[in-house]
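Below is one structure, written out as structure tokens, with a few remarks after it.
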Number of protein chains: 2
Amino acid sequence: MTFSFKGKKPSRRAFLTGAAATGAGLATAASAKDPAIAVQPWMQELGDGVDVAPYGLPSEYEKDVKRRSVEWLTADPVSSINFTPLHDLDGIITPNGLCFERHHGGVARVDPAMHRLMIHGLVDKPLVFTMEDLKRFPRENHVYFLECAANSGMEWRGAQLNGCQFTHGMIHNVMYTGVPLRLLLEEAGVKPSGKWLLVEGADAAAMTRSIPMEKALDDCLVAFKMNGEALRAEQGYPVRLVVPGWEGNMWIKWLRRIEVGDQPWHHREETSKYTDLLEDGVARRFTWEMDAKSVITNPSPQAPITHGPGPTVLTGVAWSGRGTIPRVDVTIDGGMNWHQARMDGPSLMKSMHRFYYEFDWDGSSLLLQSRAHDSTGYVQPTKEALRAVRGVNSIYHNNGIQTWAVDADGRAENVEIS
Amino acid sequence: MTFSFKGKKPSRRAFLTGAAATGAGLATAASAKDPAIAVQPWMQELGDGVDVAPYGLPSEYEKDVKRRSVEWLTADPVSSINFTPLHDLDGIITPNGLCFERHHGGVARVDPAMHRLMIHGLVDKPLVFTMEDLKRFPRENHVYFLECAANSGMEWRGAQLNGCQFTHGMIHNVMYTGVPLRLLLEEAGVKPSGKWLLVEGADAAAMTRSIPMEKALDDCLVAFKMNGEALRAEQGYPVRLVVPGWEGNMWIKWLRRIEVGDQPWHHREETSKYTDLLEDGVARRFTWEMDAKSVITNPSPQAPITHGPGPTVLTGVAWSGRGTIPRVDVTIDGGMNWHQARMDGPSLMKSMHRFYYEFDWDGSSLLLQSRAHDSTGYVQPTKEALRAVRGVNSIYHNNGIQTWAVDADGRAENVEIS
């Protein structure tokens with residue numbers, strides 16, 4: 001199909017005019033050959049009703065919508081990563097079956113009846129909770145993004161991975177149900193000297209991180225549900241820590257132990273891993289917060305423009321560990337002109353936000369970028385600006401602006417421009 | 001485990017005192033026999049990392065969390081119902097795999113490449129859209145509940161079904177992504193005489209309903225995603241109509257045709273079905289809106305209290321087709337005393353809301369009820385009040401207050417009290 005307004009300045013008016021032209025064209029075609037005229041097979045026969053699945057799955061036509069790993073990225077499958085297909089999704093909720101997951105000792109398969117959560121150390125009363133005990137405390141529900149500190153990490157040294165699933169897919173955004181960690185700590189009675197927590201998972205890696213008491217008492221949750229149902233095994237079933245806005249490795253899965261101490265523990269995941277090695281050899285530590293970031297999910301390398309010139313929907317996601325995203329700017333010409341994107345859907349604290357920019361594509365090549373502004377006034381930087389401060393030794397905390405180049409055929413690829 | 005404050009007046013202070021006592025008791029037990037002391041098998045061996053599913057599924061320990069049907073309720077499995085397990089869920093999002101579904105001619109398995117949406121009738125330009133065409137229009141994202149008009153329908157004549165999955169599970173609540181129907185109608189150009197739409201599905205039942213133009217131009221969506229991913233086949237893949245706040249049968253699945261006319265069509269689903277037969281033999285028609293309603297999901301017949309007296313979390317859901325739910329009242333003594341529940345999670349228009357009431361259970365029998373107030377000031381009525389107006393011929397639009405009786409062992413059942 002073709003559009004008659006190629007080269008017009010993008011505007012809402014032009015968009016609607018263009019779409020009208022489209023529609024009229026299609027309607028004419030329909031009178032002769034369009035399959036809509038035919039009565040399709042699924043209208044002629046009773047559908048499948050006997051074996052509607054007790055737990056439903058996606059349509060067979062959606063089989064390519066899936067988490068993907070990158071074989072060379074991790075040394076062993078028991079310490080691997082599976083990326084969220086951001087280019088296939090819309091809105092702000094990540095469905096549980098497609099949530100990014102990273103495990104350090106394989107996925108533990110924990111029997112909830114045998115699982116316990118222990119709180120000990122600098123407390124008045126050491127406590128051990130069964131899952132049923134936890135469910136007797138008041139619960140809260142919040143939508144939060146979880147982003148791995150290493151998300152976009154391969155891009156520090158230039159465009160590496162061709163697709164937002166791989167460059168930005170170490171993130172998901174779900175509604176958690178859980179008990180505020182504060183309530184459990186109040187039960188145990190933290191001694192005045194208790195300033196830090198060690199949180200530990202029940203997986204074979206015994207993942208541990210140190211968390212400052214201030215954060216623990218602020219908004220951390222001990223969560224047992226995601227998007228309404230029980231946590232998935234890959235997400236720490238039966239119980240995980242939720243550390244809103246902070247890097248994903250701190251959201252300890254299969255949470256079994258919380259020790260209260262007076263200083264951090266300096267364990268592996270906060271010394272040799274998950275620290276930011278600067279140009280001068282000094283490593284920044286405890287860089288917990290995930291700064292404002294955004295990415296255009298469509299068009300993108302895995303989701304080219306397939307419809308030719310004319311009305312085109314550009315969309316993407318943005319988030320900040322420090323608040324909400326009131327604004328995202330978008331450019332289609334590599335930064336010569338910026339346009340304020342349309343934000344849509346709920347704007348929630350430390351949650352993913354959805355943005356759109358509708359424009360008339362004239363069929364020429366494009367350079368797409370998005371730039372998030374968070375509620376603190378912080379603006380997502382360029383990768384160049386980040387490198388000027390931090391060099392290129394780091395793997396973590398790359399929240400730089402991403403560029404996709406789109407060619408005249410609608411194909412997109414990961415590029416860097418300066 | 002036992003609690004030391006049986007019989008105390010419920011209060012937050014008592015709750016916390018009680019829970020502290022619990023914890024201390026458990027912690028003592030842990031030093032000798034509690035399995036938390038043991039290093040569990042999943043901590044000693046590397047977990048499953050090789051075959052993390054590209055599309056993930058729930059834990060094997062959650063196999064009983066599923067949609068259920070009621071065999072005697074429908075004449076044939078191609079015209080059946082599968083109910084959401086509300087008692088197993090929390091928060092406000094229904095995961096796609098557990099969403100209530102009702103089909104009238106089986107579940108159509110539609111090839112999206114062959115699917116078309118047609119708009120014709122009293123329009124300037126009849127239009128036919130491919131799925132790709134639809135995705136070139138501006139999209140919106142909204143969380144809406146979908147409730148079948150027949151939800152709780154069996155309860156008109158008294159307590160029938162033992163479990164909120166069956167009494168109230170013909171509902172789900174997801175985030176939709178779609179194009180406002182208004183934009184598609186503007187493309188086609190509705191003639192001044194166009195006052196009604198006929199919307200038709202591509203299933204073998206060719207489900208049709210008449211929708212007034214005012215609603216179509218207000219907040220209806222032509223949706224292709226739910227909770228971020230493509231619609232499920234049972235929910236109308238690849239495209240369905242979303243009619244916020246209105247009864248579920250109008251949310252035509254596998255949407256293929258929209259005809260614009262000057263009056264309603266009086267088809268089967270709005271004459272012999274989905275009308276409200278009153279005591280005098282007159283049937284109310286076009287009773288589209290779903291009024292404010294609530295149900296306690298825990299405790300409930302499928303989710304008894306298993307932990308004995310002491311701190312207990314009561315929770316449930318509430319919704320209104322006319323707005324939000326600012327308030328829910330709860331009683332545990334059959335209405336002698338009412339308590340304002342704690343609302344938690346996002347409060348969105350025409351979306352499910354979550355409420356909690358934490359209390360100290362003294363171990364005696366309980367009569368649990370909840371009563372929703374919506375943002376228009378409307379208060380959920382008793383079943384008695386509804387019957388006084390509408391009699392007991394109706395199957396539809398029962399939004400009366402539900403009662404669960406809980407016995408001293410924590411078992412709950414569906415009862416009626418007057």
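Letters A, B, ... mark the chains of the structure tokens in the order given; residue numbers begin at 1 per chain; ligand numbers begin at 1, in order shown.
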Report task. Mind checking which residues fall within 8 Å of His267 in chain A, counting only C-alpha atoms, ignoring those fewer than 5 positions away in the same chain, and posting them as a list of chain:residue names? Result ->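 So the residues in contact are A:Thr208, A:Arg209, A:Ser210.
Proximity of A:Ala202, A:Ile252, A:Ile417, A:Leu221 to Gly335 in chain A, computed with only C-alpha atoms, is greatest for A:Ile417.
Checking A:Gly228, A:Gly194, A:Gly201, A:Pro85 one by one against chain B, counting only C-alpha atoms, you find the shortest gap at A:Gly228.
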Requested in this report: Might you pull out every residue within 12 Å of Leu198 in chain B, with only C-alpha atoms counted and same-chain residues fewer than 3 positions away left off, and present them as a ChimeraX atom specification?
Outcome: /B:118-122,194-195,201,206-213,216,241,250-252,255-267,269-270
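The coordinates place CA of Asn82 in chain A at 24.7 Å from CA of Phe286 in chain A.
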**Report entry** Selection: 8 Å around range 61-64 of chain A, only C-alpha atoms, excl. self and same-chain fewer than 6 positions, as a count of residues only
**Finding:** 3
Query raised in the report: What's the 7 Å shell around range 86-95 of chain A, counting only C-alpha atoms, without same-chain residues fewer than 2 positions away, as a ChimeraX atom specification?
Result: /A:65,84,97-99,164-165,169,172-174,297-298,302-303,345,352-354 /B:141,177,227-229
Query raised in the report: CA of Gln340 in chain A and CA of His373 in chain A are how many Å apart?
Result: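 Those two atoms sit 10.7 Å apart.
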Query - Closest of B:Ala204, B:Leu368, B:Val190, B:Ala53 to chain A - atom-to-atom distances counting only C-alpha atoms - result: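 Closest to chain A of all the choices is B:Ala204.
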Query raised in the report: So which residues touch range 383-395 of chain A within 6 Å, counting only C-alpha atoms, skipping near sequence neighbours fewer than 5 positions away, as a PyMOL selection string?
Result: chain A and resi 150+153+156+276-279+400
Query raised in the report: Using only C-alpha atoms, which residues sit within 9 Å of Trp246 in chain A once same-chain residues fewer than 6 positions away are excluded, as a list in words?
Result: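 Residues near the query, excluding close chain neighbours: Leu146, Glu147, Cys148, Ala149, Thr287, Trp288, Glu289, Met290, Gly321 and Arg322 of chain A.
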Go ahead and write the residues just picked, N, CA and C atoms, as a PDB file, in the first residue's frame.
ATOM      1  N   LEU A 146      12.598  -3.787  37.534  1.00  0.00           N
ATOM      2  CA  LEU A 146      13.860  -4.388  37.989  1.00  0.00           C
ATOM      3  C   LEU A 146      14.809  -4.346  36.811  1.00  0.00           C
ATOM      4  N   GLU A 147      15.937  -3.653  36.980  1.00  0.00           N
ATOM      5  CA  GLU A 147      16.936  -3.579  35.912  1.00  0.00           C
ATOM      6  C   GLU A 147      18.270  -4.086  36.441  1.00  0.00           C
ATOM      7  N   CYS A 148      18.903  -4.940  35.668  1.00  0.00           N
ATOM      8  CA  CYS A 148      20.241  -5.410  36.000  1.00  0.00           C
ATOM      9  C   CYS A 148      21.226  -4.255  35.834  1.00  0.00           C
ATOM     10  N   ALA A 149      22.183  -4.161  36.749  1.00  0.00           N
ATOM     11  CA  ALA A 149      23.217  -3.121  36.651  1.00  0.00           C
ATOM     12  C   ALA A 149      23.958  -3.218  35.320  1.00  0.00           C
ATOM     13  N   THR A 287      27.029   1.631  44.004  1.00  0.00           N
ATOM     14  CA  THR A 287      26.309   2.513  43.068  1.00  0.00           C
ATOM     15  C   THR A 287      24.973   1.840  42.770  1.00  0.00           C
ATOM     16  N   TRP A 288      24.086   1.975  43.754  1.00  0.00           N
ATOM     17  CA  TRP A 288      22.880   1.158  43.761  1.00  0.00           C
ATOM     18  C   TRP A 288      21.792   1.639  42.806  1.00  0.00           C
ATOM     19  N   GLU A 289      21.623   2.974  42.777  1.00  0.00           N
ATOM     20  CA  GLU A 289      20.443   3.500  42.082  1.00  0.00           C
ATOM     21  C   GLU A 289      20.584   3.405  40.562  1.00  0.00           C
ATOM     22  N   MET A 290      19.489   3.096  39.905  1.00  0.00           N
ATOM     23  CA  MET A 290      19.461   3.032  38.451  1.00  0.00           C
ATOM     24  C   MET A 290      18.937   4.378  37.945  1.00  0.00           C
ATOM     25  N   GLY A 321      15.194   5.062  38.653  1.00  0.00           N
ATOM     26  CA  GLY A 321      15.218   4.545  40.020  1.00  0.00           C
ATOM     27  C   GLY A 321      14.988   5.626  41.061  1.00  0.00           C
ATOM     28  N   ARG A 322      14.874   6.873  40.583  1.00  0.00           N
ATOM     29  CA  ARG A 322      14.718   7.994  41.533  1.00  0.00           C
ATOM     30  C   ARG A 322      13.317   8.594  41.508  1.00  0.00           C
TER      31      ARG A 322
END
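CA of Val243 in chain B to CA of Cys220 in chain B spans 4.9 Å [interatomic distance, one decimal].
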Query raised in the report: From the set A:Glu358, A:Thr275, A:Leu217, A:Pro244, which residue has the shortest atom-to-atom contact distance to chain B, counting only C-alpha atoms?
Result: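 Using only C-alpha atoms, chain B sits closest to A:Glu358.
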**Report entry** strand (DSSP E or B) residues, from DSSP on the backbone, in range 66-165 of chain B, as a list in words
**Finding:** Arg68, Ile81, Asn82, Phe83, Glu101, Arg102, Val107, Leu117, Met118, Ile119, His120, Gly121, Val123, Leu127, Val128, Phe129, Glu140, Asn141, His142, Val143, Tyr144, Phe145, Leu146 and Glu147 of chain B
Report task. May I have all residues of range 50-83 of chain B that DSSP, computed from the backbone, assigns to helix (DSSP H, G or I), given as a ChimeraX atom specification? Result -> /B:60-62,71-73,77-79
Can you spit out the residues from that selection as a JSON list (two decimals), in the first residue's frame, using N, CA, C and O atoms?
[["chain", "number", "residue", "atom", "x", "y", "z"],
["B", 60, "GLU", "N", 6.18, -25.66, 39.72],
["B", 60, "GLU", "CA", 5.45, -26.94, 39.83],
["B", 60, "GLU", "C", 4.61, -27.00, 41.11],
["B", 60, "GLU", "O", 3.63, -27.74, 41.19],
["B", 61, "TYR", "N", 5.00, -26.23, 42.12],
["B", 61, "TYR", "CA", 4.26, -26.22, 43.39],
["B", 61, "TYR", "C", 2.95, -25.43, 43.29],
["B", 61, "TYR", "O", 2.17, -25.40, 44.22],
["B", 62, "GLU", "N", 2.74, -24.77, 42.16],
["B", 62, "GLU", "CA", 1.54, -23.94, 41.97],
["B", 62, "GLU", "C", 0.55, -24.58, 40.99],
["B", 62, "GLU", "O", -0.28, -23.90, 40.41],
["B", 71, "GLU", "N", -18.98, -28.07, 35.30],
["B", 71, "GLU", "CA", -19.47, -28.92, 34.22],
["B", 71, "GLU", "C", -20.95, -28.75, 33.90],
["B", 71, "GLU", "O", -21.34, -28.71, 32.74],
["B", 72, "TRP", "N", -21.76, -28.62, 34.95],
["B", 72, "TRP", "CA", -23.20, -28.58, 34.71],
["B", 72, "TRP", "C", -23.70, -27.22, 34.24],
["B", 72, "TRP", "O", -24.85, -27.06, 33.88],
["B", 73, "LEU", "N", -22.81, -26.21, 34.25],
["B", 73, "LEU", "CA", -23.26, -24.84, 34.03],
["B", 73, "LEU", "C", -23.58, -24.56, 32.56],
["B", 73, "LEU", "O", -24.47, -23.77, 32.26],
["B", 77, "PRO", "N", -19.16, -28.01, 25.84],
["B", 77, "PRO", "CA", -17.86, -27.36, 26.04],
["B", 77, "PRO", "C", -17.50, -26.31, 24.99],
["B", 77, "PRO", "O", -16.61, -25.50, 25.23],
["B", 78, "VAL", "N", -18.16, -26.30, 23.85],
["B", 78, "VAL", "CA", -17.86, -25.24, 22.88],
["B", 78, "VAL", "C", -18.59, -23.94, 23.24],
["B", 78, "VAL", "O", -18.42, -22.92, 22.58],
["B", 79, "SER", "N", -19.38, -24.00, 24.28],
["B", 79, "SER", "CA", -20.04, -22.78, 24.76],
["B", 79, "SER", "C", -19.85, -22.72, 26.27],
["B", 79, "SER", "O", -20.79, -22.76, 27.03]]
Query raised in the report: Pick from B:Val222, B:Val128, B:Leu57, B:Val415: nearest to Tyr176 in chain B, with only C-alpha atoms counted?
Result: B:Val222
